[in-house]
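Presented below is the structure to which this report refers.
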Amino acid sequence: MTIGPAARDPAVARWAAGTLAVLLLTMFVALPLAAVFTEALRRGWGTVMEAYADPDAKAAIWLTLLVAAIAVPVNTLGGIAAAWCVAKYEFRGKRLLVALIELPFSVSPVISGMVFVLVFGAQGWLGPWLQAHDVQIVFALPGLVLATVFVTFPFVARTLIPLMQEQGRAEEEAAATLGASGWQSFRLVTLPNVKWALLSGVLLCNARAMGEFGAVSVVSGHIRGETNTMPLHVEILYNEYQFAAAFAVAALLALLALVTLCAKTVLERISGRRGEIA
Amino acid sequence: MSLALPASRRPGHSVARRRDALPGFGLSLGVTLAWLSLVVLVPLSALALRPWELGVAGVLGVLSDPRVLAALRLSFGTALMAALLNLPLGLLVAWVLVRWRFPGRRLLDAMVDLPFALPTAVAGLALTALFAPNGWLGAPLKAIGVTVAYTPLGVFVAMMFVGVPFAVRTVEPVLRDLGTEAEEAAATLGASRAQALLRVVLPALAPALLTGFGLAFARAVGEYGSVIFIAGNRPMVSEIAPLVIVQRLEGFDYAGAAAIGLAMLGMSFLVLLLTGLVQAWLRPGRRA
């Protein structure tokens with residue numbers, strides 16, 4: 001941006017503001033990150049590797065990957081469907097639909113988990129029926145997946161909607177006049193147009209799915225080696241004063257966040273478009 | 001939010017509705033509604049209905065429990081403070097990112113998103129390590145008599161941390177689109193730099209600042225993972241409302257937990273509604 005002389009602040013003010021911004025962000029954001037890696041490596045690499053080799057840690061890592069592997073595709077498909085009908089058509093209640101899709105973002109993670117306990121828990125609406133039929137949802141994998149789907153619900157839809165609205169429907173209509181079926185025009189026209197935004201939405205969805213704590217904590221039951229995801233494993237280790245191991249697993253999650261941010265930055269450069277994160 | 005014309009005002013609408021050139025409306029809307037209902041609406045309706053098993057008096061009884069009241073006060077009071085303090089911080093960072101080019105700007109830019117991307121349990125552990133009495137920031141703070149970890153101040157620090165990206169990212173695009181022409185025009189008309197900033201730039205940013213405030217508040221008030229490690233969780237002192245919900249659920253008091261959850265949601269939406277009303281009131285043209 002070129003700034004005319006009248007809107008230019010004195011160099012002193014710029015330096016002061018710049019230094020303050022860097023200082024505050026470093027203190028608030030970079031230092032905590034550095035603390036995670038420092039604490040993890042405090043007792044050396046051996047302890048870190050030991051923490052990963054622990055059977056409970058391995059089970060937690062696998063469970064985290066499994067939950068994300070189910071929740072992310074579900075929300076990707078749902079997000080694409082939602083973006084398609086919101087961006088390409090006009091209908092009554094569209095604003096309400098968009099507001100409802102974004103609703104999970106303004107609900108506390110604990111409440112997001114609790115709603116599934118209220119429905120499927122021992123004293124939930126369906127609890128007695130589920131018990132009679134020997135189906136476990138809460139304190140088992142299905143509950144973890146449901147809670148994760150809830151908290152990561154809006155990511156894909158909200159990255160796609162603004163972009164697809166901007167692109168309009170002219171290209172798809174042209175494809176239709178040329179004889180393309182709906183599926184063909186989606187696959188050959190729409191998808192290539194939104195692929196980078198879609199990928200970025202999926203990445204953010206995945207990062208949140210793997211890192212979610214509050215919602216899964218409520219539905220997990222904390223059964224070691226069975227219903228503990230990585231973030232929950234971190235908490236258990238920490239509460240047992242196994243600090244080195246807790247920070248080692250936490251460092252793995254922090255790495256995931258860093259990789260996600262790097263990938264998002266690269267995607268923004270490729271597509272020349274700034275994704276909205278918040 | 002869509003700003004498109006209502007369907008009925010679009011030319012050729014009735015034809016389009018009868019046989020749309022683009023197929024897939026029914027399918028995509030059906031999938032969306034099924035997905036939304038199953039995962040979000042039905043479970044949330046349980047939250048709206050379950051508390052009333054206790055009767056109105058029972059719900060009021062749960063909410064007037066001193067421990068619950070203290071937790072709600074801490075969660076909402078601290079979240080409001082954190083969101084408010086995030087505003088100047090967010091504005092400052094957004095300003096620096098938009099207006100100035102300096103080495104390391106990209107790194108600063110990436111740092112802003114970190115609290116959003118970092119899993120909350122990791123953030124909680126990290127902040128606790130940092131602000132613990134022997135931590136990098138905790139030790140110097142202790143020397144001047146300030147204790148952050150395991151106090152309500154720790155809750156505040158964690159809530160500020162999670163709000164940073166919201167405060168910055170809502171203001172930044174508006175500031176970028178605003179450009180500098182208006183300020184320059186104000187300067188040529190004889191305004192001082194302070195006048196130009198206060199009376200030209202700030203009003204233009206006000207709606208975005210309010211949005212940022214609302215988002216940072218909503219995130220902070222429900223925050224669990226980053227807070228519980230650093231809070232110390234002493235009942236009546238540093239115990240947040242989501243933690244009280246978790247404890248009630250662990251004691252199988254579903255209705256009581258749901259009552260607190262419903263109260264939290266209601267109060268958050270009230271704050272967001274008020275923010276929206278102020279925003280509508282600030283909109284240029286409506287004020288004239």
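A note on labels: chains of the structure tokens are A, B, ... as shown, every chain counts residues from 1, and ligands are counted from 1 in their shown order.
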So that I can check the surroundings of region 164-177 of chain B, please list as a PDB file with C-alpha atoms, in the first residue's frame every protein, DNA and RNA residue that reaches within 7 Å of it, counting only C-alpha atoms and ignoring chain neighbours fewer than 6 positions away.
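Ended up saving to around_26.pdb:
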ATOM      1  CA  ALA A 278     -11.626 -16.729  12.290  1.00  0.00           C
TER       2      ALA A 278
ATOM      3  CA  ASN B  86      -8.083  -7.778  22.928  1.00  0.00           C
ATOM      4  CA  LEU B  87      -9.569  -4.883  20.941  1.00  0.00           C
ATOM      5  CA  GLY B  90      -5.940  -6.529  17.808  1.00  0.00           C
ATOM      6  CA  LEU B  91      -6.169  -3.039  16.341  1.00  0.00           C
ATOM      7  CA  VAL B  93      -1.376  -5.673  15.363  1.00  0.00           C
ATOM      8  CA  ALA B  94      -3.762  -5.238  12.422  1.00  0.00           C
ATOM      9  CA  VAL B  98      -1.588  -3.534   7.068  1.00  0.00           C
ATOM     10  CA  VAL B 112      -1.583 -14.254  14.807  1.00  0.00           C
ATOM     11  CA  ASP B 113      -3.304 -17.469  13.708  1.00  0.00           C
ATOM     12  CA  PRO B 115      -3.824 -19.504  19.047  1.00  0.00           C
ATOM     13  CA  PHE B 116      -6.573 -20.597  16.679  1.00  0.00           C
ATOM     14  CA  LEU B 205     -13.448   0.426  11.907  1.00  0.00           C
ATOM     15  CA  ALA B 208     -15.386  -4.607  12.576  1.00  0.00           C
ATOM     16  CA  LEU B 209     -14.062  -3.951  16.071  1.00  0.00           C
ATOM     17  CA  THR B 211     -17.542  -8.108  15.422  1.00  0.00           C
ATOM     18  CA  GLY B 212     -14.069  -8.939  16.704  1.00  0.00           C
ATOM     19  CA  PHE B 213     -15.183  -8.254  20.234  1.00  0.00           C
ATOM     20  CA  LEU B 215     -16.202 -13.402  18.365  1.00  0.00           C
ATOM     21  CA  ALA B 216     -13.390 -13.115  20.911  1.00  0.00           C
TER      22      ALA B 216
END
Region 101-141 of chain B residues near region 238-252 of chain A within 10 Å, closest pair each, using only C-alpha atoms, as CSV:
residue,atom,partner,partner_atom,distance
B:Leu118,CA,A:Ala250,CA,9.9
B:Pro119,CA,A:Ala250,CA,8.7
B:Ala121,CA,A:Ala250,CA,7.8
B:Val122,CA,A:Ala250,CA,5.4
B:Ala123,CA,A:Ala250,CA,8.9
B:Leu125,CA,A:Phe247,CA,7.7
B:Ala126,CA,A:Phe247,CA,8.5
B:Ala129,CA,A:Phe247,CA,9.9
For the residues selected in the previous step, produce a file with C-alpha atoms as a CSV table (one decimal), in the first residue's frame.
chain,number,residue,atom,x,y,z
B,118,LEU,CA,-3.0,-24.7,18.5
B,119,PRO,CA,-5.0,-27.4,20.3
B,121,ALA,CA,-4.9,-28.6,25.8
B,122,VAL,CA,-1.5,-27.7,24.3
B,123,ALA,CA,-2.2,-24.0,24.8
B,125,LEU,CA,-0.1,-26.6,29.2
B,126,ALA,CA,2.1,-24.0,27.4
B,129,ALA,CA,4.5,-23.7,32.0
Can you build me a table of chain B residues sitting at most 6 Å from chain A, with the closest atom pair per residue and its distance in Å to one decimal, using only C-alpha atoms, sorted by chain and residue number, as a tab-separated table?
residue	atom	partner	partner_atom	distance
B:Ala7	CA	A:Glu90	CA	5.3
B:Pro23	CA	A:Gly182	CA	5.5
B:Phe25	CA	A:Cys85	CA	5.8
B:Ser28	CA	A:Ala81	CA	4.6
B:Leu29	CA	A:Cys85	CA	5.8
B:Thr32	CA	A:Ala82	CA	5.1
B:Pro43	CA	A:Val115	CA	5.1
B:Leu44	CA	A:Val115	CA	5.9
B:Leu47	CA	A:Val115	CA	5.9
B:Val93	CA	A:Ala21	CA	5.4
B:Val96	CA	A:Gly18	CA	5.9
B:Ala117	CA	A:Ala257	CA	5.2
B:Leu118	CA	A:Ala257	CA	5.3
B:Pro119	CA	A:Gly211	CA	4.4
B:Ala121	CA	A:Pro231	CA	6.0
B:Val122	CA	A:Ala250	CA	5.4
B:Ala126	CA	A:Pro32	CA	4.8
B:Leu127	CA	A:Pro32	CA	5.7
B:Phe166	CA	A:Ala278	CA	5.5
B:Glu183	CA	A:Ala7	CA	5.8
B:Glu184	CA	A:Ala6	CA	5.2
B:Ala187	CA	A:Ala6	CA	6.0
B:Ala218	CA	A:Ser106	CA	5.7
B:Gly222	CA	A:Ser108	CA	4.0
B:Tyr224	CA	A:Gly214	CA	5.8
B:Gly225	CA	A:Gly214	CA	5.8
Fill in: Shell of 10 Å around Leu60 (chain B), only C-alpha atoms, local chain residues under 6 positions omitted, as a count of residues only
3
Practice prompt. Could you tell me how far CA of Leu72 (chain B) lies from CA of Pro152 (chain B), in Å and to one decimal?
Written response: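 So the two atoms, CA of Leu72 (chain B) and CA of Pro152 (chain B), lie 12.8 Å apart.
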Item to complete: Grab the CA of Ala60 (chain A) to CA of Ile137 (chain A) distance for me, in Å with one decimal place.
Response: 18.1 Å
Worksheet item: Residues at most 9 Å from region 187-202 of chain A, counting only C-alpha atoms, excluding those fewer than 4 positions away in the same chain, as a VMD selection string?
Response: chain A and resid 72 to 73 75 to 76 80 155 to 160 163 to 164 167 171 to 172 175 182 to 183 206 to 207 260 263 to 264 267 to 268 270 to 271 273 275
Worksheet item: Given the choices B:Met111, B:Ala186, B:Met267, B:Trp52, which gets closest to Arg199 (chain B) if the distance is worked out from only C-alpha atoms?
Response: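 Smallest distance to Arg199 (chain B) is found for B:Ala186.
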Discussion item. My list of candidates is B:Met160, B:Val278, B:Leu262, B:Ala191. Which is closest to Thr78 (chain B) when distances are computed with only C-alpha atoms?
Written reply: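 Among B:Met160, B:Val278, B:Leu262, B:Ala191, it is B:Met160 that comes nearest to Thr78 (chain B).
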Discussion item. Using Å and a single decimal, report how far CA of Val227 (chain B) sits from CA of Ala143 (chain B).
Written reply: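 CA of Val227 (chain B) lies 23.6 Å from CA of Ala143 (chain B).
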Practice prompt. Please identify all polymer residues within 12 Å of Ile144 (chain B), counting only C-alpha atoms, omitting same-chain residues fewer than 6 positions from it, and present them as JSON, numbers by chain.
Written response: {"B": [133, 137, 138]}
Practice prompt. Run DSSP on the backbone and give me the residues of region 61-225 of chain B it puts in helix (DSSP H, G or I), as a PyMOL selection string.
Written response: chain B and resi 61-63+66-99+105-117+120-131+138-143+152-178+181-188+193-222+225
